[in-house]
>>> print(open('data-v9.txt').read())   # compact mmCIF, C-alpha atoms
# COMPACT_ATOMS: atom_id res chain seq x y z
CA MET A 1 -5.72 17.65 -13.08
CA SER A 2 -9.10 19.23 -12.23
CA ASP A 3 -9.66 22.70 -10.83
CA TRP A 4 -10.71 21.25 -7.46
CA ALA A 5 -8.97 22.89 -4.50
CA PRO A 6 -9.42 22.48 -0.76
CA PRO A 7 -11.96 24.89 0.70
CA ARG A 8 -10.58 27.91 2.49
CA ALA A 9 -11.67 28.50 6.04
CA GLN A 10 -14.09 31.42 6.39
CA ASP A 11 -13.40 34.18 8.86
CA THR A 12 -15.47 33.67 11.98
CA PRO A 13 -17.11 36.91 13.20
CA ARG A 14 -15.99 38.00 16.63
CA PRO A 15 -18.77 38.63 19.17
CA GLN A 16 -19.29 42.23 20.19
CA ASP A 17 -19.10 43.24 23.85
CA GLY A 18 -22.37 42.52 25.54
CA ASP A 19 -23.69 40.40 22.67
CA ALA A 20 -24.66 37.19 24.47
CA SER A 21 -26.26 35.68 21.36
CA ALA A 22 -23.06 35.72 19.32
CA PRO A 23 -21.43 32.28 19.04
CA PRO A 24 -18.10 31.90 20.81
CA VAL A 25 -15.00 31.62 18.69
CA ALA A 26 -13.27 28.27 19.05
CA PRO A 27 -9.67 28.57 20.16
CA PRO A 28 -7.06 27.32 17.69
CA SER A 29 -6.47 24.19 19.77
CA GLU A 30 -10.07 23.06 19.11
CA GLN A 31 -9.84 23.34 15.33
CA THR A 32 -9.46 20.16 13.33
CA PRO A 33 -6.25 19.60 11.34
CA SER A 34 -8.12 20.18 8.08
CA GLU A 35 -9.54 23.49 9.34
CA ALA A 36 -6.36 24.82 10.88
CA ALA A 37 -3.57 26.22 8.79
CA GLN A 38 -0.45 24.16 8.35
CA PRO A 39 2.02 25.06 11.09
CA GLU A 40 5.19 26.69 9.87
CA SER A 41 7.24 23.95 11.53
CA ALA A 42 5.57 21.37 9.29
CA ALA A 43 7.05 22.76 6.08
CA PRO A 44 10.69 21.75 6.82
CA ALA A 45 9.58 18.27 7.89
CA LEU A 46 7.62 17.79 4.68
CA ALA A 47 10.50 19.09 2.58
CA ASP A 48 13.03 16.80 4.27
CA ALA A 49 10.78 13.77 3.93
CA GLU A 50 10.10 14.55 0.29
CA ALA A 51 13.83 14.81 -0.40
CA ASP A 52 14.45 11.47 1.32
CA LEU A 53 11.79 9.70 -0.72
CA GLN A 54 13.03 11.28 -3.92
CA ALA A 55 16.49 9.90 -3.12
CA VAL A 56 14.96 6.43 -2.74
CA ARG A 57 13.10 6.78 -6.03
CA ASP A 58 16.28 7.87 -7.82
CA ALA A 59 18.24 4.96 -6.34
CA VAL A 60 15.62 2.46 -7.49
CA GLN A 61 15.29 3.89 -10.98
CA ARG A 62 19.03 3.70 -11.54
CA THR A 63 18.52 -0.06 -11.56
CA ILE A 64 14.93 -0.44 -12.79
CA VAL A 65 14.18 0.87 -16.29
CA GLY A 66 10.77 2.49 -16.53
CA GLN A 67 8.07 1.05 -14.25
CA GLU A 68 7.37 4.50 -12.77
CA THR A 69 3.90 3.42 -11.61
CA LEU A 70 5.30 0.34 -9.87
CA VAL A 71 7.98 2.34 -8.07
CA SER A 72 5.45 4.99 -7.05
CA ARG A 73 3.05 2.40 -5.63
CA LEU A 74 5.83 0.69 -3.69
CA LEU A 75 6.79 4.02 -2.13
CA ILE A 76 3.15 4.72 -1.27
CA ALA A 77 2.85 1.38 0.53
CA LEU A 78 6.14 2.07 2.29
CA LEU A 79 4.88 5.45 3.50
CA CYS A 80 1.53 4.03 4.62
CA ASP A 81 2.98 1.00 6.44
CA GLY A 82 1.10 -1.31 4.10
CA HIS A 83 1.73 -4.55 2.23
CA CYS A 84 1.76 -5.05 -1.54
CA LEU A 85 0.82 -7.88 -3.88
CA LEU A 86 2.66 -7.71 -7.20
CA GLU A 87 1.07 -9.65 -10.04
CA GLY A 88 2.63 -10.12 -13.46
CA VAL A 89 4.09 -12.67 -15.83
CA PRO A 90 7.69 -13.80 -15.27
CA GLY A 91 10.49 -11.50 -16.37
CA LEU A 92 8.95 -8.12 -15.52
CA ALA A 93 11.41 -7.30 -12.70
CA LYS A 94 8.99 -7.87 -9.84
CA SER A 95 11.56 -9.45 -7.53
CA LEU A 96 14.31 -7.11 -8.74
CA SER A 97 12.16 -4.07 -7.95
CA VAL A 98 11.53 -5.29 -4.41
CA SER A 99 15.17 -6.16 -3.72
CA THR A 100 16.30 -2.84 -5.18
CA LEU A 101 13.87 -0.92 -2.99
CA ALA A 102 15.15 -2.78 0.07
CA ALA A 103 18.76 -2.08 -0.93
CA ALA A 104 17.99 1.66 -1.00
CA LEU A 105 17.04 1.51 2.68
CA HIS A 106 19.15 0.81 5.73
CA ALA A 107 16.82 -2.09 6.53
CA ASP A 108 16.91 -5.85 6.88
CA PHE A 109 15.68 -7.64 3.77
CA VAL A 110 14.92 -11.32 3.23
CA ARG A 111 13.54 -13.28 0.30
CA VAL A 112 11.47 -16.40 0.92
CA GLN A 113 10.71 -18.66 -2.02
CA PHE A 114 7.26 -20.09 -1.38
CA THR A 115 6.87 -23.76 -2.36
CA PRO A 116 4.20 -26.42 -1.75
CA ASP A 117 6.38 -28.16 0.86
CA LEU A 118 7.04 -24.98 2.87
CA LEU A 119 6.11 -25.25 6.56
CA PRO A 120 4.98 -22.45 8.88
CA ALA A 121 8.10 -23.00 10.99
CA ASP A 122 10.23 -22.37 7.88
CA LEU A 123 8.77 -18.87 7.82
CA THR A 124 8.15 -17.88 11.42
CA GLY A 125 10.69 -19.99 13.30
CA THR A 126 10.42 -22.75 15.87
CA GLU A 127 11.61 -24.00 19.26
CA ILE A 128 14.69 -26.21 19.37
CA TYR A 129 15.70 -28.32 22.36
CA ASN A 130 19.16 -27.51 23.70
CA ALA A 131 20.59 -30.66 25.27
CA ARG A 132 23.33 -28.68 27.01
CA THR A 133 20.90 -26.45 28.92
CA SER A 134 17.96 -28.89 28.91
CA GLU A 135 15.75 -26.05 27.70
CA PHE A 136 13.93 -25.12 24.52
CA GLU A 137 15.35 -22.17 22.60
CA THR A 138 13.45 -20.03 20.15
CA ARG A 139 14.95 -19.81 16.68
CA LYS A 140 13.33 -16.96 14.82
CA GLY A 141 12.55 -17.45 11.16
CA PRO A 142 13.24 -15.23 8.13
CA ILE A 143 10.05 -13.25 8.63
CA PHE A 144 11.81 -11.22 11.32
CA ALA A 145 13.02 -8.61 8.85
CA ASN A 146 11.97 -5.13 7.79
CA ILE A 147 11.10 -6.05 4.21
CA VAL A 148 10.02 -9.60 3.36
CA LEU A 149 9.74 -10.71 -0.27
CA ALA A 150 7.26 -13.59 -0.45
CA ASP A 151 8.11 -14.86 -3.92
CA GLU A 152 5.30 -16.78 -5.66
CA ILE A 153 3.13 -16.55 -2.58
CA ASN A 154 0.32 -18.63 -4.06
CA ARG A 155 2.53 -21.74 -4.08
CA ALA A 156 2.43 -22.08 -0.28
CA PRO A 157 -0.24 -24.23 1.44
CA ALA A 158 -2.97 -22.96 3.73
CA LYS A 159 -1.01 -23.35 7.00
CA VAL A 160 1.78 -21.10 5.73
CA GLN A 161 -0.77 -18.57 4.51
CA SER A 162 -2.34 -18.57 7.97
CA ALA A 163 1.02 -17.91 9.65
CA LEU A 164 1.72 -15.09 7.23
CA LEU A 165 -1.74 -13.64 7.87
CA GLU A 166 -0.99 -13.13 11.57
CA ALA A 167 2.30 -11.43 10.77
CA MET A 168 0.72 -9.07 8.24
CA GLU A 169 -2.17 -8.02 10.43
CA GLU A 170 -0.90 -8.27 14.01
CA ARG A 171 2.77 -7.46 13.29
CA GLN A 172 3.72 -10.39 15.46
CA VAL A 173 4.19 -14.18 15.19
CA SER A 174 3.45 -16.99 17.61
CA ILE A 175 6.14 -19.56 18.36
CA GLY A 176 5.65 -22.22 20.98
CA GLY A 177 2.74 -20.42 22.60
CA HIS A 178 4.59 -17.11 22.86
CA SER A 179 4.10 -14.00 20.74
CA PHE A 180 7.08 -12.14 19.34
CA PRO A 181 6.73 -8.63 17.86
CA LEU A 182 8.14 -8.04 14.40
CA PRO A 183 10.65 -5.24 13.75
CA GLN A 184 9.55 -1.81 12.65
CA PRO A 185 9.13 -1.00 9.87
CA PHE A 186 7.70 -4.29 8.62
CA MET A 187 6.46 -4.79 5.08
CA VAL A 188 5.45 -7.86 3.06
CA LEU A 189 5.88 -7.61 -0.70
CA ALA A 190 4.46 -10.69 -2.37
CA THR A 191 4.65 -11.73 -6.02
CA ARG A 192 2.23 -13.87 -7.97
CA ASN A 193 2.25 -15.29 -11.48
CA PRO A 194 -1.27 -14.99 -12.97
CA ILE A 195 -0.82 -17.43 -15.85
CA GLU A 196 0.50 -20.55 -14.09
CA GLN A 197 -2.03 -22.29 -11.86
CA GLU A 198 -0.60 -25.82 -11.58
CA GLY A 199 0.71 -26.51 -8.09
CA THR A 200 -0.71 -23.27 -6.66
CA TYR A 201 -3.17 -22.47 -3.89
CA PRO A 202 -5.74 -19.66 -4.13
CA LEU A 203 -5.16 -16.86 -1.64
CA PRO A 204 -8.06 -16.53 0.80
CA GLU A 205 -10.06 -13.32 0.65
CA ALA A 206 -9.11 -12.54 4.26
CA GLN A 207 -5.44 -12.48 3.30
CA LEU A 208 -6.03 -10.53 0.09
CA ASP A 209 -7.76 -7.87 2.17
CA ARG A 210 -4.57 -7.46 4.23
CA PHE A 211 -2.68 -6.26 1.17
CA MET A 212 -3.05 -2.52 0.94
CA LEU A 213 -2.33 -2.48 -2.80
CA LYS A 214 -2.43 -5.00 -5.59
CA ILE A 215 -0.13 -3.81 -8.36
CA VAL A 216 -0.62 -5.35 -11.79
CA ILE A 217 2.56 -5.14 -13.86
CA ASP A 218 2.30 -5.16 -17.64
CA TYR A 219 4.88 -5.48 -20.40
CA PRO A 220 7.09 -2.38 -20.80
CA PRO A 221 6.62 -0.05 -23.79
CA GLU A 222 8.94 -0.39 -26.76
CA THR A 223 11.20 2.51 -25.76
CA ASP A 224 11.75 1.08 -22.27
CA GLU A 225 12.40 -2.39 -23.63
CA ARG A 226 15.00 -1.01 -26.02
CA GLU A 227 16.66 0.81 -23.13
CA ILE A 228 16.62 -2.39 -21.09
CA LEU A 229 18.42 -4.14 -23.93
CA GLU A 230 21.02 -1.39 -24.30
CA ARG A 231 21.69 -1.05 -20.58
CA ARG A 232 21.56 -4.72 -19.59
CA LEU A 233 23.10 -6.54 -22.58
CA GLY A 234 25.95 -8.46 -20.99
CA VAL A 235 25.97 -6.14 -17.98
CA THR A 236 24.92 -6.97 -14.43
CA PRO A 237 22.31 -4.49 -13.11
CA PRO A 238 23.88 -2.02 -10.67
CA LEU A 239 22.95 -2.53 -7.05
CA ALA A 240 21.26 0.32 -5.23
CA GLN A 241 23.06 1.83 -2.28
CA PRO A 242 21.32 2.71 1.01
CA VAL A 243 20.22 6.34 0.94
CA ILE A 244 17.98 6.69 4.02
CA THR A 245 17.76 5.06 7.42
CA THR A 246 14.73 3.43 9.01
CA GLU A 247 14.51 6.44 11.33
CA ALA A 248 14.22 8.75 8.32
CA LEU A 249 11.55 6.48 6.87
CA LEU A 250 9.52 6.65 10.08
CA ALA A 251 9.91 10.44 10.04
CA ALA A 252 8.64 10.49 6.45
CA ARG A 253 5.60 8.49 7.52
CA ALA A 254 4.89 11.05 10.21
CA ALA A 255 5.27 13.85 7.65
CA VAL A 256 2.69 12.27 5.36
CA THR A 257 0.07 12.56 8.10
CA GLN A 258 0.46 16.35 7.83
CA VAL A 259 -0.89 16.29 4.27
CA ARG A 260 -4.44 17.64 4.49
CA LEU A 261 -7.36 15.32 3.78
CA GLU A 262 -10.34 17.64 3.59
CA PRO A 263 -13.82 16.49 4.69
CA ALA A 264 -15.01 16.65 1.08
CA ILE A 265 -12.33 14.15 0.06
CA ARG A 266 -13.13 11.89 3.01
CA ASP A 267 -16.80 11.89 2.05
CA TYR A 268 -15.87 11.05 -1.53
CA VAL A 269 -13.79 8.07 -0.38
CA VAL A 270 -16.63 6.78 1.79
CA ARG A 271 -19.19 7.15 -1.02
CA LEU A 272 -16.90 5.35 -3.43
CA ILE A 273 -16.32 2.38 -1.10
CA ARG A 274 -20.00 2.11 -0.24
CA ALA A 275 -20.79 2.09 -3.96
CA THR A 276 -18.88 -1.21 -4.23
CA ARG A 277 -21.35 -2.75 -1.78
CA GLN A 278 -24.48 -1.27 -3.39
CA PRO A 279 -23.47 -0.91 -7.04
CA GLY A 280 -27.07 -0.83 -8.24
CA ARG A 281 -27.46 2.68 -6.85
CA ILE A 282 -24.76 3.89 -9.20
CA ASP A 283 -25.60 1.82 -12.25
CA PRO A 284 -28.34 -0.85 -12.33
CA ALA A 285 -26.21 -2.87 -14.75
CA LEU A 286 -23.53 -3.26 -12.06
CA GLU A 287 -25.89 -5.10 -9.71
CA ARG A 288 -25.40 -8.39 -11.56
CA LEU A 289 -21.62 -7.96 -11.79
CA VAL A 290 -20.57 -7.48 -8.14
CA ARG A 291 -20.99 -10.23 -5.55
CA TYR A 292 -19.11 -8.62 -2.63
CA GLY A 293 -17.79 -5.11 -2.17
CA ALA A 294 -14.84 -3.67 -0.29
CA SER A 295 -14.49 -3.65 3.49
CA PRO A 296 -13.91 -0.64 5.78
CA ARG A 297 -10.23 -1.56 5.67
CA ALA A 298 -10.36 -0.46 2.02
CA THR A 299 -11.77 2.90 3.08
CA ILE A 300 -8.78 3.54 5.32
CA ALA A 301 -6.33 2.22 2.73
CA LEU A 302 -7.71 4.41 -0.06
CA ALA A 303 -7.63 7.56 2.07
CA GLU A 304 -4.08 6.90 3.27
CA ALA A 305 -2.86 5.99 -0.21
CA ALA A 306 -4.38 9.14 -1.71
CA ARG A 307 -2.63 11.27 0.90
CA ALA A 308 0.71 9.57 0.22
CA HIS A 309 0.17 10.05 -3.52
CA ALA A 310 -0.29 13.77 -2.97
CA PHE A 311 2.84 13.85 -0.82
CA LEU A 312 4.95 12.19 -3.52
CA ASP A 313 3.55 14.73 -5.97
CA GLY A 314 4.87 17.54 -3.80
CA ARG A 315 1.49 18.78 -2.52
CA THR A 316 0.26 19.42 1.00
CA HIS A 317 -3.39 18.56 0.26
CA THR A 318 -5.19 15.74 -1.49
CA THR A 319 -7.51 16.03 -4.49
CA PRO A 320 -10.11 13.71 -6.05
CA GLU A 321 -7.52 12.79 -8.68
CA ASP A 322 -5.36 11.25 -5.95
CA VAL A 323 -8.28 9.05 -4.94
CA LYS A 324 -9.06 8.08 -8.54
CA ALA A 325 -5.42 7.25 -9.27
CA LEU A 326 -5.17 4.78 -6.36
CA ALA A 327 -8.68 3.31 -6.48
CA PRO A 328 -7.81 0.47 -8.91
CA ASP A 329 -4.77 -0.62 -6.85
CA VAL A 330 -6.73 -0.54 -3.59
CA LEU A 331 -9.95 -2.15 -4.84
CA ARG A 332 -9.10 -4.64 -7.61
CA HIS A 333 -8.37 -7.46 -5.15
CA ARG A 334 -11.17 -6.55 -2.75
CA ILE A 335 -14.13 -6.50 -5.16
CA ILE A 336 -15.41 -10.00 -5.91
CA VAL A 337 -17.33 -10.18 -9.18
CA THR A 338 -20.13 -12.63 -9.88
CA TYR A 339 -19.89 -15.79 -11.96
CA GLU A 340 -21.90 -13.99 -14.60
CA ALA A 341 -19.28 -11.25 -14.77
CA GLU A 342 -16.51 -13.83 -15.06
CA ALA A 343 -18.39 -15.56 -17.88
CA ASP A 344 -18.73 -12.24 -19.69
CA GLY A 345 -15.04 -11.47 -19.17
CA VAL A 346 -15.72 -8.42 -16.97
CA ALA A 347 -12.69 -7.74 -14.78
CA PRO A 348 -12.83 -5.88 -11.44
CA GLU A 349 -10.92 -2.99 -13.07
CA ALA A 350 -13.83 -2.42 -15.48
CA VAL A 351 -16.28 -2.34 -12.57
CA ILE A 352 -14.08 0.13 -10.68
CA GLU A 353 -13.86 2.41 -13.70
CA ARG A 354 -17.64 2.53 -14.04
CA MET A 355 -17.97 3.29 -10.33
CA LEU A 356 -15.46 6.12 -10.58
CA ASP A 357 -17.56 7.55 -13.42
CA GLY A 358 -20.79 7.15 -11.48
CA VAL A 359 -19.82 8.46 -8.02
CA PRO A 360 -19.87 12.27 -8.13
CA VAL A 361 -17.27 14.50 -6.50
CA ARG A 362 -19.22 17.01 -4.41
>>> encode(input="data-v9.txt", output="structure tokens")
Amino acid sequence: MSDWAPPRAQDTPRPQDGDASAPPVAPPSEQTPSEAAQPESAAPALADAEADLQAVRDAVQRTIVGQETLVSRLLIALLCDGHCLLEGVPGLAKSLSVSTLAAALHADFVRVQFTPDLLPADLTGTEIYNARTSEFETRKGPIFANIVLADEINRAPAKVQSALLEAMEERQVSIGGHSFPLPQPFMVLATRNPIEQEGTYPLPEAQLDRFMLKIVIDYPPETDEREILERRLGVTPPLAQPVITTEALLAARAAVTQVRLEPAIRDYVVRLIRATRQPGRIDPALERLVRYGASPRATIALAEAARAHAFLDGRTHTTPEDVKALAPDVLRHRIIVTYEAEADGVAPEAVIERMLDGVPVR
């Protein structure tokens, strides 16, 4: 951790009687949240929300061995009302992590196995004619749940991707010309296998941008793999039990907004995102590696994710380290590298790392 700390508000001099040139002192109600001190009533709310999220983390890690980064990123997306794309080879507990997280919540969970013959109506629902009433009835699909696991999302055709895109962005689906709101909270957790491309469809950039985080899951270290063997050999993984309600989750989301995001951190986030669009200003060598940078949606996502990261770390203010920790997960699927970069084997993560080194923290 660096020695960076949020700036302390300076005492504003009070005008003397009869001094018309002295600036007026702004009342407390006109101060911004980052300038005003945290209200005393906020501390219990933050403490309760932190305890609730720690209970969820403990419940998940009783089933999932290791994968602390994965669990942390899932909780961040849950707190920020965002969607996640999980990418990794088969057998790394992607689906198990999602189902375990859902089991730790008093929430509706559904798993949809995406296949090439999947239809939009299989996901969103459709209208069915009722011969007894001579009317069409709406049958809602599996997407009407709090947590939706879209397993192997890149196996679904374009029409299904389009239907999912509306649900992720608008939090509603259209059936028979009518729009139906999705339940709250609503979260899509999608998995993708990066090594098998036969029978798959590339995800459009517009849909990738709707995912707040893209989490890349690697093989576990040797110690974790040995523990997996010892704990799972001939034993069914224990199922997590619900530990918090959806109301408590919504309260935790409100508590996260009380974590301070100082103007200096906001400026750093903006400079970092803008560097993805004009990489030559940071490093001339990056100009030939980046074709398209991140959108303003990435700016919001990175700021919110950094604040949630600070909250899970037990702090009431964000630091540049929070931004740097979440930048790869927020940006790796939003930065499009050039064909030259692909030919040279330069991944978006390498570009992000060089940008983090080149953008100063002021």
>>> residues_around(input="data-v9.txt", residues="Leu164 in chain A", least_positions_apart="6", cutoff="9 Å", atoms="all atoms listed in the file", output="list in words")
Pro120, Leu123, Thr124, Ile143, Val173 and Gln207 of chain A
>>> closest_residue(input="data-v9.txt", among="A:Arg274, A:Arg291, A:Arg171, A:Arg297", to="Val330 in chain A", atoms="all atoms listed in the file")
A:Arg297
>>> residues_around(input="data-v9.txt", residues="range 246-257 of chain A", least_positions_apart="6", cutoff="9 Å", atoms="only C-alpha atoms", output="PyMOL selection string")
chain A and resi 42+45-50+52-53+78-81+105-107+184-185+304+307-308+310-311+316
>>> closest_residue(input="data-v9.txt", among="A:Ile217, A:Ile282, A:Val235, A:Ile76", to="Met187 in chain A", atoms="only C-alpha atoms")
A:Ile76
>>> closest_residue(input="data-v9.txt", among="A:Thr319, A:Thr236, A:Arg111, A:Val269", to="Pro296 in chain A", atoms="all atoms listed in the file")
A:Val269
>>> residues_around(input="data-v9.txt", residues="Leu189 in chain A", least_positions_apart="4", cutoff="9 Å", atoms="all atoms listed in the file", output="list in words")
Leu74, His83, Cys84, Leu85, Leu86, Val98, Ile147, Val148, Leu149, Ala150, Asp151 and Phe211 of chain A
>>> atom_distance(input="data-v9.txt", atom1="CA of Ala206 in chain A", atom2="CA of Ser295 in chain A")
10.4 Å
>>> closest_residue(input="data-v9.txt", among="A:Asp267, A:Asp122, A:Asp117, A:Glu287", to="Arg155 in chain A", atoms="only C-alpha atoms")
A:Asp117
>>> closest_atom_pairs(input="data-v9.txt", of="range 176-268 of chain A", to="range 159-162 of chain A", cutoff="12 Å", atoms="all atoms listed in the file", output="Markdown table")
| residue | atom | partner | partner_atom | distance |
| --- | --- | --- | --- | --- |
| A:Ala190 | CA | A:Gln161 | CA | 11.7 |
| A:Tyr201 | CA | A:Gln161 | CA | 9.6 |
| A:Pro202 | CA | A:Gln161 | CA | 10.0 |
| A:Leu203 | CA | A:Gln161 | CA | 7.7 |
| A:Pro204 | CA | A:Gln161 | CA | 8.4 |
| A:Glu205 | CA | A:Gln161 | CA | 11.3 |
| A:Ala206 | CA | A:Ser162 | CA | 9.8 |
| A:Gln207 | CA | A:Gln161 | CA | 7.8 |
| A:Leu208 | CA | A:Gln161 | CA | 10.6 |
| A:Arg210 | CA | A:Gln161 | CA | 11.7 |
>>> residues_around(input="data-v9.txt", residues="Ala104 in chain A", least_positions_apart="2", cutoff="6 Å", atoms="all atoms listed in the file", output="list in words")
Val56, Leu101, Ala102, Ala240, Gln241, Pro242 and Val243 of chain A
>>> atom_distance(input="data-v9.txt", atom1="CA of Met355 in chain A", atom2="CA of Arg332 in chain A")
12.2 Å
>>> atom_distance(input="data-v9.txt", atom1="CA of Val346 in chain A", atom2="CA of Gly293 in chain A")
15.3 Å
>>> residues_around(input="data-v9.txt", residues="Thr276 in chain A", least_positions_apart="2", cutoff="8 Å", atoms="all atoms listed in the file", output="list in words")
Leu272, Ile273, Arg274, Gln278, Pro279, Val290, Tyr292, Gly293, Ala294, Ile335 and Met355 of chain A
>>> write_last_selection(input="data-v9.txt", atoms="C-alpha atoms", output="PDB file, keeping the file's coordinate frame")
ATOM      1  CA  LEU A 272     -16.900   5.350  -3.430  1.00  0.00           C
ATOM      2  CA  ILE A 273     -16.320   2.380  -1.100  1.00  0.00           C
ATOM      3  CA  ARG A 274     -20.000   2.110  -0.240  1.00  0.00           C
ATOM      4  CA  GLN A 278     -24.480  -1.270  -3.390  1.00  0.00           C
ATOM      5  CA  PRO A 279     -23.470  -0.910  -7.040  1.00  0.00           C
ATOM      6  CA  VAL A 290     -20.570  -7.480  -8.140  1.00  0.00           C
ATOM      7  CA  TYR A 292     -19.110  -8.620  -2.630  1.00  0.00           C
ATOM      8  CA  GLY A 293     -17.790  -5.110  -2.170  1.00  0.00           C
ATOM      9  CA  ALA A 294     -14.840  -3.670  -0.290  1.00  0.00           C
ATOM     10  CA  ILE A 335     -14.130  -6.500  -5.160  1.00  0.00           C
ATOM     11  CA  MET A 355     -17.970   3.290 -10.330  1.00  0.00           C
TER      12      MET A 355
END
